[in-house]
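Novice: Once you've had a glance at the structure underneath, I'll fire off some questions.
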Amino acid sequence: MQRISSYEDFLKLKNRVQSIMASSERIISVCGGGGCSSKDGKKIASALKDELGKKGLEEKIKVKLTGCHGMCSWGPSIIIYPEEICYLKVKEKDATEIIEETILRNRIVDRLVYEDEKVGKTPHLKDIPFYNRQTRLILGYNTKIDPQSIDDYIALGGYSALVKALTQMSPTDVLEEIKKSNLRGRGGGGFPAGQKWETTRNAKSDIKYVIVNGHEGEPGAYMDRAILGGNPHIVLEGLIIGAYAIGARQGFIYTRHDAPDLLKNIETAISKAREYGFIGKNILGSGFDFDVEIHLDIGIFVSGESSALMRSIEGKIPEPRPKYIRTSVSGIYEKPSNLNNVETWANVPLIIENGAEWYSKIGTERSKGTKLISLSGRIKNAGVIEVPFGMSLREIVFDLGGGTGNGNDLKAVHFGSAMGGSIPKELIDTPLDFDACAKLGAPIGAGGLLVLDEKDDMLELVSYFLDFLSTESCGKCVPCREGIRQIRKLLKKIKDGSGTYQDVETIREICDVQKEASLCALGRTASSPLESALKYFWKEFESRLVKEK
Amino acid sequence: MDYLESIIEKYSRRRNFLIEMLMDVQHEKGYIPRESIFYLSKRLSVPVNEVMRIATFYKTFSLKPKAEHVIKVCSGVSCYIRGGREVVEKLENLLGIKVGDSTPDMKFSLELSSCSGRCASGPEIEIDGEVYGNVKPDDIEGILKKIG
Ligand SMILES: Cc1cc2nc3c(=O)[nH]c(=O)nc-3n(C[C@H](O)[C@H](O)[C@H](O)COP(=O)(O)O)c2cc1C
């Protein structure tokens with residue numbers, strides 16, 4: 001395979017892969033994402049290929065097994081390009097009809113088409129509310145490319161940002177662009193990425209590291225998987241650009257151990273990028289060297305925390321440490337290490353390609369760009385969406401999500417999983433915004449949005465999260481380990497009907513201590529769901545307390 | 001110990017891949033045999049207690065052999081509120097064991113797994129890699145019968 005060693009080489013390659021892509025009359029994109037519960041995507045894709053083969057159409061019409069399309073509760077879905085006809089809940093046995101009707105006769109297969117009360121039957125992507133209200137800057141690639149194909153990504157503009165950065169920009173230019181874009185970390189804290197990069201860049205050390213946090217341990221969060229599994233190259237491209245700006249020569253991708261397809265896609269992406277010379281020595285003739293290694297999380301939530309994750313990459317157990325010194329200054333092997341979330345990295349190529357000015361037009365004053373959200377719980381259209389910051393939660397839940405879908409009224413939406421909080425339905429017009437949501441006690445976290453209906457019991461939900469955290473805490477610091485345990489006991493007492501007002505006071509006190517004295521954010525925010533429930537759903541607690549005499 | 005040697009070689013004997021090596025051991029054997037801990041300790045010059053610490057810290061590692069069929073119930077929050085807890089209770093009742101244990105005849109092990117991200121079709125259980133979505137407690141007997 002040829003190595004790309006200059007701007008001109010890259011343009012030639014891009015032209016070539018674009019003309020290959022354009023040579024297909026149609027592309028049938030079959031969702032092979034992890035969200036639709038089964039491996040049916042693979043079967044459907046091969047049934048379609050067989051059918052095309054029988055008709056002698058396999059040259060003109062390409063079938064692609066892609067990453068997650070996003071509409072998981074309607075999956076497996078297929079999209080036929082260029083018309084963008086979308087078929088949902090497709091089965092293997094539908095293949096013949098799809099080829100004969102839609103491909104050969106240009107007719108729609110009615111029973112596979114999206115339908116709701118408002119829009120009726122709508123076969124085209126642009127008419128389906130779930131899709132047409134999104135801004136799919138990152139996810140847009142998912143429905144169009146084979147995650148194993150670097151050429152697909154390049155044909156759609158991929159790696160252009162890397163080429164631009166390395167051939168036309170200095171590391172400082174790149175850093176300044178990211179700072180100017182106000183990109184904020186998508187992994188939970190919303191910390192300005194440019195500022196973090198700068199800290200690592202300025203730290204004194206020959207060796208520096210950059211890391212992708214693809215742990216995604218939050219229950220109900222599955223958007224990072226959708227990116228990494230559907231288009232690993234966009235993350236890799238962002239990482240290489242970041243390494244160039246920061247001055248790191250080694251990168252790590254930390255990802256889930258329990259998703260073999262995902263892992264395979266990342267491995268393939270790295271080896272393809274190496275073949276083309278986007279990873280390795282003297283990348284694009286710029287003199288910049290960079291390599292990447294994959295490490296696996298193995299099933300404990302706390303290993304997603306920055307200092308714990310770095311220990312884990314060293315082959316040790318993931319216990320967080322106090323952060324008097326930040327990991328951006330002293331991380332893996334005590335070297336300056338810049339960690340960002342999958343989605344944060346995926347934004348980088350977009351910003352470099354289109355400029356910070358373009359980027360800052362999307363979103364709100366202090367939350368720029370788009371956010372991926374995974375919708376779960378009591379929601380009709382569960383799945384992964386990408387929307388601009390500033391969209392109201394109402395629009396997300398009702399217009400895209402289709403409401404609870406079970407006839408029950410909405411009760412609340414819960415953001416940030418075990419470290420987040422709930423927003424009652426009265427506040428559903430709140431815009432999606434790091435600060436606005438945090439102010440209400442429901443920081444968006446990584447972007448898992450759990451929808452609750454009127455029948456859901458807040459005490460049950462809060463207990464679930466505390467049970468979860470008690471097994472996922474590393475157990476190193478007392479406020480977290482013992483605090484969670486004591487709160488669980490008191491909460492159980494309240495659920496059983498024998499709790500008192502004094503117990504509630506004790507719970508509040510423990511929460512305060514945990515927030516003050518825990519080592520890492522797991523302990524410090526363990527009480528968040530509980531506190532937001534106490535604030536917005538106090539009646540559910542009070543009605544169970546022993547009445548004072 | 002051939003399998004251990006090839007696992008160690010796969011990671012070029014690098015100590016920072018100890019976790020991945022243990023995962024491969026578990027994948028190969030279904031659990032982490034005692035001898036493998038000593039062996040890795042010696043070959044990588046890592047104290048036994050440190051290898052042990054890793055093997056007992058991560059929930060995914062098991063020091064006990066697992067049964068013929070491993071049943072994993074997704075413990076994600078969406079599955080939970082949609083009836084996952086009742087599914088676990090039903091499984092515990094039918095199998096007569098608690099989560100984390102295996103039946104005495106070593107036919108079934110019951111485990112919780114972390115959120116699979118297939119929230120659209122929860123509650124979910126996975127048996128020997130086969131995924132069952134939208135599971136109701138009443139479906140479980142049938143599913144178990146099918147497995148054997
Ligand atoms: C207990 C715990 C678990 C976390 N899990 C994740 C995770 O799975 N993915 C992630 O990106 N960040 C996670 N974080 C946040 C990371 O510590 C870190 O802030 C983040 O990866 C930085 O990336 P960003 O600045 O791009 O958001 C977790 C934090 C804590 C305290």
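The chains in the structure tokens are called A, B, ... from first to last as shown; in each chain the residues are counted from 1, and the ligands are counted from 1 in the order shown.
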Dump the neighbourhood of ligand 1 as an NGL selection string: all residues within 7 Å, distances computed on only C-alpha atoms and all ligand atoms.

Specialist: :A and (184-193 or 213-218 or 301-306 or 339-342 or 344 or 446 or 520-522)

Novice: Find the residues of chain B in contact range of chain A, meaning any atom within 9 Å when counting only C-alpha atoms, and list them as a ChimeraX atom specification.

Specialist: /B:15-20,23,50-51,53-54,57-61,75-82,113-122,124,130-133

Novice: Please, could you write that set of residues out with N, CA and C atoms as an mmCIF file, in the first residue's frame?

Specialist:
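Below you can see again30.cif, which holds the result:
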data_model
loop_
_atom_site.group_PDB
_atom_site.id
_atom_site.type_symbol
_atom_site.label_atom_id
_atom_site.label_comp_id
_atom_site.auth_asym_id
_atom_site.auth_seq_id
_atom_site.Cartn_x
_atom_site.Cartn_y
_atom_site.Cartn_z
ATOM 1 N N ARG B 15 4.962 -5.569 30.902
ATOM 2 C CA ARG B 15 4.253 -5.626 32.161
ATOM 3 C C ARG B 15 2.959 -4.803 32.135
ATOM 4 N N ASN B 16 2.952 -3.723 31.367
ATOM 5 C CA ASN B 16 1.745 -2.893 31.365
ATOM 6 C C ASN B 16 0.584 -3.545 30.606
ATOM 7 N N PHE B 17 0.833 -4.732 30.057
ATOM 8 C CA PHE B 17 -0.275 -5.471 29.445
ATOM 9 C C PHE B 17 -0.743 -6.631 30.324
ATOM 10 N N LEU B 18 -0.352 -6.594 31.594
ATOM 11 C CA LEU B 18 -0.746 -7.657 32.516
ATOM 12 C C LEU B 18 -2.266 -7.870 32.538
ATOM 13 N N ILE B 19 -3.004 -6.773 32.518
ATOM 14 C CA ILE B 19 -4.465 -6.893 32.569
ATOM 15 C C ILE B 19 -4.981 -7.604 31.320
ATOM 16 N N GLU B 20 -4.452 -7.197 30.164
ATOM 17 C CA GLU B 20 -4.867 -7.833 28.915
ATOM 18 C C GLU B 20 -4.469 -9.313 28.899
ATOM 19 N N MET B 23 -6.873 -11.225 30.873
ATOM 20 C CA MET B 23 -8.116 -11.368 30.111
ATOM 21 C C MET B 23 -8.021 -12.511 29.120
ATOM 22 N N GLU B 50 0.473 -8.619 43.618
ATOM 23 C CA GLU B 50 0.000 -7.595 42.688
ATOM 24 C C GLU B 50 -0.848 -8.209 41.564
ATOM 25 N N VAL B 51 -0.418 -9.355 41.068
ATOM 26 C CA VAL B 51 -1.215 -10.049 40.054
ATOM 27 C C VAL B 51 -2.556 -10.447 40.664
ATOM 28 N N ARG B 53 -4.050 -9.062 43.102
ATOM 29 C CA ARG B 53 -4.844 -7.876 43.350
ATOM 30 C C ARG B 53 -5.641 -7.495 42.094
ATOM 31 N N ILE B 54 -4.978 -7.578 40.976
ATOM 32 C CA ILE B 54 -5.667 -7.271 39.718
ATOM 33 C C ILE B 54 -6.754 -8.312 39.443
ATOM 34 N N PHE B 57 -9.637 -7.636 41.671
ATOM 35 C CA PHE B 57 -10.207 -6.286 41.696
ATOM 36 C C PHE B 57 -11.264 -6.093 40.621
ATOM 37 N N TYR B 58 -10.943 -6.522 39.431
ATOM 38 C CA TYR B 58 -11.873 -6.334 38.323
ATOM 39 C C TYR B 58 -12.961 -7.404 38.381
ATOM 40 N N LYS B 59 -14.189 -6.935 38.229
ATOM 41 C CA LYS B 59 -15.312 -7.872 38.373
ATOM 42 C C LYS B 59 -15.336 -8.928 37.285
ATOM 43 N N THR B 60 -14.767 -8.574 36.149
ATOM 44 C CA THR B 60 -14.844 -9.483 35.012
ATOM 45 C C THR B 60 -14.005 -10.740 35.217
ATOM 46 N N PHE B 61 -13.008 -10.662 36.085
ATOM 47 C CA PHE B 61 -12.176 -11.847 36.324
ATOM 48 C C PHE B 61 -12.850 -12.791 37.309
ATOM 49 N N SER B 75 -27.203 -5.118 33.562
ATOM 50 C CA SER B 75 -27.551 -4.417 34.799
ATOM 51 C C SER B 75 -27.682 -2.920 34.576
ATOM 52 N N GLY B 76 -27.797 -2.498 33.323
ATOM 53 C CA GLY B 76 -27.936 -1.061 33.030
ATOM 54 C C GLY B 76 -29.213 -0.490 33.625
ATOM 55 N N VAL B 77 -29.242 0.824 33.728
ATOM 56 C CA VAL B 77 -30.355 1.468 34.425
ATOM 57 C C VAL B 77 -31.649 1.381 33.628
ATOM 58 N N SER B 78 -31.537 1.450 32.300
ATOM 59 C CA SER B 78 -32.741 1.406 31.491
ATOM 60 C C SER B 78 -33.383 0.024 31.582
ATOM 61 N N CYS B 79 -32.567 -1.022 31.488
ATOM 62 C CA CYS B 79 -33.070 -2.390 31.670
ATOM 63 C C CYS B 79 -33.720 -2.532 33.041
ATOM 64 N N TYR B 80 -33.066 -1.947 34.036
ATOM 65 C CA TYR B 80 -33.548 -2.080 35.410
ATOM 66 C C TYR B 80 -34.948 -1.512 35.566
ATOM 67 N N ILE B 81 -35.151 -0.263 35.085
ATOM 68 C CA ILE B 81 -36.482 0.307 35.291
ATOM 69 C C ILE B 81 -37.520 -0.354 34.376
ATOM 70 N N ARG B 82 -37.068 -0.982 33.320
ATOM 71 C CA ARG B 82 -38.022 -1.638 32.421
ATOM 72 C C ARG B 82 -38.289 -3.095 32.798
ATOM 73 N N SER B 113 -24.069 -8.115 33.949
ATOM 74 C CA SER B 113 -23.053 -7.486 33.113
ATOM 75 C C SER B 113 -23.327 -5.989 33.060
ATOM 76 N N SER B 114 -22.294 -5.223 32.728
ATOM 77 C CA SER B 114 -22.496 -3.776 32.716
ATOM 78 C C SER B 114 -23.291 -3.396 31.466
ATOM 79 N N CYS B 115 -23.845 -2.211 31.494
ATOM 80 C CA CYS B 115 -24.775 -1.747 30.443
ATOM 81 C C CYS B 115 -24.231 -2.086 29.057
ATOM 82 N N SER B 116 -25.022 -2.818 28.287
ATOM 83 C CA SER B 116 -24.562 -3.268 26.980
ATOM 84 C C SER B 116 -24.756 -2.193 25.925
ATOM 85 N N GLY B 117 -25.503 -1.142 26.266
ATOM 86 C CA GLY B 117 -25.773 -0.091 25.291
ATOM 87 C C GLY B 117 -26.908 -0.443 24.347
ATOM 88 N N ARG B 118 -27.531 -1.594 24.572
ATOM 89 C CA ARG B 118 -28.688 -1.941 23.740
ATOM 90 C C ARG B 118 -29.956 -1.583 24.503
ATOM 91 N N CYS B 119 -29.990 -0.336 24.965
ATOM 92 C CA CYS B 119 -31.063 0.107 25.846
ATOM 93 C C CYS B 119 -32.411 0.072 25.153
ATOM 94 N N ALA B 120 -32.407 0.141 23.825
ATOM 95 C CA ALA B 120 -33.659 0.167 23.080
ATOM 96 C C ALA B 120 -34.408 -1.151 23.220
ATOM 97 N N SER B 121 -33.711 -2.228 23.569
ATOM 98 C CA SER B 121 -34.403 -3.509 23.616
ATOM 99 C C SER B 121 -34.240 -4.223 24.958
ATOM 100 N N GLY B 122 -34.115 -3.422 26.016
ATOM 101 C CA GLY B 122 -34.026 -4.023 27.340
ATOM 102 C C GLY B 122 -35.394 -4.349 27.880
ATOM 103 N N GLU B 124 -32.493 -7.181 28.953
ATOM 104 C CA GLU B 124 -31.743 -8.048 28.062
ATOM 105 C C GLU B 124 -30.958 -9.096 28.836
ATOM 106 N N GLU B 130 -25.340 -15.316 22.867
ATOM 107 C CA GLU B 130 -26.622 -15.060 22.179
ATOM 108 C C GLU B 130 -27.419 -14.030 22.990
ATOM 109 N N VAL B 131 -27.893 -12.990 22.300
ATOM 110 C CA VAL B 131 -28.588 -11.914 23.005
ATOM 111 C C VAL B 131 -30.108 -12.074 22.900
ATOM 112 N N TYR B 132 -30.783 -11.969 24.041
ATOM 113 C CA TYR B 132 -32.253 -11.993 24.051
ATOM 114 C C TYR B 132 -32.746 -10.641 24.538
ATOM 115 N N GLY B 133 -33.479 -9.915 23.675
ATOM 116 C CA GLY B 133 -33.966 -8.594 24.051
ATOM 117 C C GLY B 133 -35.413 -8.612 24.497
#

Novice: Please list as a list in words every residue within 12 Å of A:Arg274, counting only C-alpha atoms and excluding residues in the same chain fewer than 2 positions away.

Specialist: Met1, Gln2, Arg3, Ile4, Ile150, His233, Leu236, Glu237, Ile240, Glu267, Thr268, Ala269, Ile270, Ser271, Lys272, Tyr276, Gly277, Phe278, Ile279, Gly280, Lys281, Asn282, Ile283, Leu284, Asp289, Phe290, Asp291, Val292 and Glu293 of chain A

Novice: Based on the selection just made, write C-alpha atoms of those residues as a PDB file, in the first residue's frame.

Specialist:
ATOM      1  CA  MET A   1       0.000   0.000   0.000  1.00  0.00           C
ATOM      2  CA  GLN A   2       1.297   3.440  -0.756  1.00  0.00           C
ATOM      3  CA  ARG A   3       2.367   5.741   2.040  1.00  0.00           C
ATOM      4  CA  ILE A   4       1.055   9.253   1.776  1.00  0.00           C
ATOM      5  CA  ILE A 150     -10.295   4.135   5.607  1.00  0.00           C
ATOM      6  CA  HIS A 233     -11.024   7.062  12.054  1.00  0.00           C
ATOM      7  CA  LEU A 236      -8.021   8.624  15.510  1.00  0.00           C
ATOM      8  CA  GLU A 237      -7.663  11.653  13.272  1.00  0.00           C
ATOM      9  CA  ILE A 240      -3.199  12.522  15.914  1.00  0.00           C
ATOM     10  CA  GLU A 267      -7.579  -2.277  15.427  1.00  0.00           C
ATOM     11  CA  THR A 268      -8.307  -2.182  11.724  1.00  0.00           C
ATOM     12  CA  ALA A 269      -8.444   1.607  11.760  1.00  0.00           C
ATOM     13  CA  ILE A 270      -5.038   1.845  13.404  1.00  0.00           C
ATOM     14  CA  SER A 271      -3.435  -0.580  10.999  1.00  0.00           C
ATOM     15  CA  LYS A 272      -4.947   1.141   7.937  1.00  0.00           C
ATOM     16  CA  TYR A 276      -1.173   5.181   4.718  1.00  0.00           C
ATOM     17  CA  GLY A 277       1.433   6.776   6.923  1.00  0.00           C
ATOM     18  CA  PHE A 278      -0.965   8.770   9.109  1.00  0.00           C
ATOM     19  CA  ILE A 279       0.591   6.965  12.062  1.00  0.00           C
ATOM     20  CA  GLY A 280       4.250   6.095  12.357  1.00  0.00           C
ATOM     21  CA  LYS A 281       7.434   7.953  11.571  1.00  0.00           C
ATOM     22  CA  ASN A 282       7.615  11.272   9.770  1.00  0.00           C
ATOM     23  CA  ILE A 283       3.886  11.571   9.179  1.00  0.00           C
ATOM     24  CA  LEU A 284       3.100  13.262   5.843  1.00  0.00           C
ATOM     25  CA  ASP A 289       6.198  10.781  14.722  1.00  0.00           C
ATOM     26  CA  PHE A 290       3.247   9.250  16.469  1.00  0.00           C
ATOM     27  CA  ASP A 291       1.988   5.812  17.455  1.00  0.00           C
ATOM     28  CA  VAL A 292      -1.098   4.413  19.148  1.00  0.00           C
ATOM     29  CA  GLU A 293      -1.776   1.458  21.406  1.00  0.00           C
TER      30      GLU A 293
END

Novice: By how many Å are atom CA of A:His69 and atom CA of B:Lys136 apart?

Specialist: 26.7 Å

Novice: Which of stretch 134-369 of chain A end up as alpha helix (DSSP H) when DSSP is run on this backbone - answer as number ranges by chain?

Specialist: A: 150-155, 160-168, 171-181, 193-202, 223-230, 232-246, 260-275, 306-313, 342-354, 356-360

Novice: From the set B:Lys90, B:Lys145, B:His69, B:Arg43, which residue has the shortest atom-to-atom contact distance to B:Asp105, counting only C-alpha atoms?

Specialist: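 Of the candidates, the smallest distance to B:Asp105 is held by B:His69.
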
Novice: Extract the full set of strand (DSSP E or B) residues from stretch 355-477 of chain A according to DSSP on the backbone, and format it as a ChimeraX atom specification.

Specialist: /A:363,368,370-377,383-388,392,410-415,421-424,431,448-453
